[in-house]
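In what follows, a single structure is set out as structure tokens and then discussed.
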Amino acid sequence: MAKVQAQVIGGAIRTIENVRTVAEVKREMGAAGYTATVNGDPAEDNFELSDYEFVSLAPAVKGGC
């Protein structure tokens with residue numbers, strides 16, 4: 001289990017403890033359907049977190065013409 005810093009873009013940074021994956025951070029932050037980066041790199045929901053990583057969450061943007 002990891003202790004990480006997490007932020008929904010534009011919101012406050014929160015410390016979240018006892019999480020294992022990005023999906024668990026999304027659940028804690030109420031950000032289902034958002035895209036994630038971990039330390040600035042894109043990350044999938046199953047990405048396993050380590051202590052002191054920074055998770056940033058942003059609304060998913062749909063592309064198209």
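By convention in this document, the chains of the structure tokens carry letters A, B, ... by their order, each chain's residues are numbered from 1, and ligands are numbered from 1 in the order they are shown.
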* All residues 6 Å or closer to segment 42-51 of chain A, only C-alpha atoms, same chain fewer than 4 positions away omitted, as a PyMOL selection string -> chain A and resi 2-4+20-23+36-37
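Every residue of chain A found in strand (DSSP E or B) when DSSP is run on the backbone appears here: Ala2, Lys3, Val4, Gln5, Ala6, Gln7, Val8, Arg14, Thr15, Ile16, Glu17, Asn18, Val19, Thr21, Tyr34, Thr35, Ala36, Thr37, Val38, Asp41, Pro42, Ala43, Glu48, Phe54, Val55, Ser56, Leu57, Ala58 and Pro59 of chain A.
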* One decimal, Å: what's the distance from atom CA of Glu17 of chain A over to atom CA of Gln5 of chain A, could you say? =>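 A separation of 8.8 Å between them.
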* **Proximity to Ala12 of chain A - best of A:Glu53, A:Asp41, A:Glu24, A:Met29, only C-alpha atoms** =>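 Nearest candidate to Ala12 of chain A out of A:Glu53, A:Asp41, A:Glu24, A:Met29: A:Met29.
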* Asked: Quick one: residues within 9 Å of Tyr34 of chain A, only C-alpha atoms counted, chain neighbours fewer than 2 positions away excluded, as a list in words?
  -> Val8, Lys26, Ala31, Ala32, Ala36, Leu57, Ala58, Pro59, Ala60 and Val61 of chain A
* To do: Can you list, as a PyMOL selection string, all residues belonging to chain A that DSSP tags as alpha helix (DSSP H)?
  => chain A and resi 22-29
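Counting only C-alpha atoms, the residue from A:Met1, A:Gly33, A:Asn39, A:Ser56 that sits nearest to Asn18 of chain A is A:Met1.
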* Structure fact -> For Ile13 of chain A, the closest of A:Arg27, A:Lys62, A:Val55, A:Val38 counting only C-alpha atoms is A:Val55
